[in-house]
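These notes are about the structure you will find just below.
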Amino acid sequence: MIDTILFDLDGTLLKVSQEAFAGVYFRELRKVFARLGMDPELSVKALWAGTKAMVQNDGSKLNSQRFWEVFADFAGLDDAKLRIVEYECDRFYINEFNAVKTVTEPDSISQRLVRALASKGYDLVLATNPLFPACAITTRLEWIGLLPQDFKYITHYANSTFCKPNPGYFREILKVINKEPEHCIMVGNSANEDMSAGALGIQTFLVTDYLENESGADITVFRNGSLIELETLLMSMPDIVQ
């Protein structure tokens, strides 16, 4: 019986396109690097190198460790400067990062759905690709009227050692929340990253409002539809007896 819903964030609960998100995000982040006396363009390249290292992580280190090791090496930072950059980046995600909200689509569905599912007794996991610190995820949740405590578990770069679409990412979640694959549904907008959960026996639903399908996969092989259609489906599921 399904008793757990895993939700992606960007493009799923948070209505935003990857392109629009990246445009504002990197514009604001370059300002932080410049303020720190760093070359903004070199720093963005270092960020991409660190992100690639996280995506390729093999489970032997936290994603956050992978990221900052590669970032520091690429940008030529000593330990003291790296600590300053980490601190300022966390401040960025609490403050200037809010500029990205301007390119998101306001919508009450996500808040309504999450709260309703919780009242029905379902365990909810925010299974956002763990490429960001927890503070960046909290900020994005605030944009849609949600809080970290609305979820049983949230993946972020300091508690994860894999990324989507690596099956290790989903195995790690299942272990932490103590669930079997057949108890879960993964909801997301990426045909590649989110639907990969199906390989473990987790049911899936592909949200098509901000569909990501760079490989041109046949999405008819997945149960799919809009966020409104997802809401109809999930709300028709039985209440969980506590």
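Residues are referred to by chain and number: the chain letter is A, B, ... according to the order shown in the structure tokens, the number counts from 1 in that chain, and ligands are numbered separately from 1 in the order shown.
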Discussion item. Report as a ChimeraX atom specification all protein, DNA and RNA residues lying within 10 Å of Tyr210 (chain A), evaluated on only C-alpha atoms, omitting residues in the same chain fewer than 5 positions from it.
Written reply: /A:10-12,14-18,188-190,226-227
Keeping C-alpha atoms, export the residues of the selection given above as a short mmCIF file (atom, residue, chain, number, x, y, z; two decimals), in the first residue's frame.
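Contents of the output file selection_0.cif:
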```cif
data_model
loop_
_atom_site.label_atom_id
_atom_site.label_comp_id
_atom_site.auth_asym_id
_atom_site.auth_seq_id
_atom_site.Cartn_x
_atom_site.Cartn_y
_atom_site.Cartn_z
CA ASP A 10 11.91 22.93 -9.01
CA GLY A 11 9.47 22.61 -11.90
CA THR A 12 7.19 20.39 -9.81
CA LEU A 14 7.70 25.19 -7.49
CA LYS A 15 6.50 26.37 -10.87
CA VAL A 16 9.62 27.65 -12.64
CA SER A 17 11.52 26.77 -15.78
CA GLN A 18 15.14 25.73 -15.48
CA GLY A 188 8.66 15.04 -10.55
CA ASN A 189 8.95 16.94 -13.83
CA SER A 190 12.14 15.33 -15.21
CA SER A 226 -0.49 18.42 -14.92
CA LEU A 227 -0.12 19.32 -11.26
#
```
Discussion item. Report as JSON, numbers by chain all protein, DNA and RNA residues lying within 7 Å of Phe151 (chain A), evaluated on only C-alpha atoms, omitting residues in the same chain fewer than 2 positions from it.
Written reply: {"A": [124, 125, 126, 148, 149, 153, 154]}
Fill in: Picked from region 29-233 of chain A by DSSP as alpha helix (DSSP H), as number ranges by chain
A: 29-35, 40-55, 63-75, 79-94, 109-119, 134-143, 167-177, 227-233
Practice prompt. Take CA of Leu141 (chain A) and CA of Leu13 (chain A) and report the distance between them in Å, one decimal.
Written response: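 Straight-line distance from CA of Leu141 (chain A) to CA of Leu13 (chain A) works out to 8.8 Å.
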Can you list, as a tab-separated table (two decimals) with N, CA and C atoms, in the first residue's frame, every protein, DNA or RNA residue that comes within 10 Å of Lys61 (chain A) when you count only C-alpha atoms, leaving out same-chain residues fewer than 2 positions away?
```tsv
chain	number	residue	atom	x	y	z
A	54	MET	N	29.30	16.57	-7.86
A	54	MET	CA	28.19	16.04	-7.06
A	54	MET	C	27.35	15.06	-7.86
A	57	ASN	N	28.96	11.82	-7.97
A	57	ASN	CA	29.37	11.28	-6.67
A	57	ASN	C	29.02	9.79	-6.57
A	58	ASP	N	29.90	9.06	-5.88
A	58	ASP	CA	29.77	7.60	-5.82
A	58	ASP	C	29.35	7.09	-4.45
A	59	GLY	N	28.95	7.98	-3.55
A	59	GLY	CA	28.50	7.55	-2.24
A	59	GLY	C	29.58	7.54	-1.18
A	63	ASN	N	27.79	15.09	-0.75
A	63	ASN	CA	27.82	15.97	-1.92
A	63	ASN	C	28.46	17.32	-1.58
A	64	SER	N	28.18	17.83	-0.39
A	64	SER	CA	28.76	19.12	0.01
A	64	SER	C	30.29	19.05	0.04
A	65	GLN	N	30.84	17.94	0.50
A	65	GLN	CA	32.29	17.79	0.52
A	65	GLN	C	32.84	17.74	-0.90
A	66	ARG	N	32.20	16.97	-1.75
A	66	ARG	CA	32.61	16.89	-3.16
A	66	ARG	C	32.61	18.27	-3.78
A	158	ALA	N	24.21	18.39	2.02
A	158	ALA	CA	24.98	18.01	3.20
A	158	ALA	C	24.44	16.75	3.89
A	159	ASN	N	23.41	16.11	3.29
A	159	ASN	CA	22.95	14.83	3.87
A	159	ASN	C	22.83	13.74	2.81
A	160	SER	N	23.38	13.99	1.63
A	160	SER	CA	23.25	13.05	0.52
A	160	SER	C	24.62	12.76	-0.09
A	161	THR	N	24.77	11.54	-0.60
A	161	THR	CA	26.04	11.15	-1.22
A	161	THR	C	25.87	10.73	-2.68
A	162	PHE	N	24.66	10.90	-3.19
A	162	PHE	CA	24.37	10.65	-4.60
A	162	PHE	C	23.45	11.75	-5.10
```
Discussion item. From the options A:Gln111, A:Asn166, A:Asn224, A:Thr138, which residue's atoms come nearest to Val207 (chain A), counting only C-alpha atoms?
Written reply: A:Asn224
Worksheet item: Could you state the separation of CA of Ala34 (chain A) and CA of Cys135 (chain A) in Å, given to one decimal place?
Response: 21.7 Å
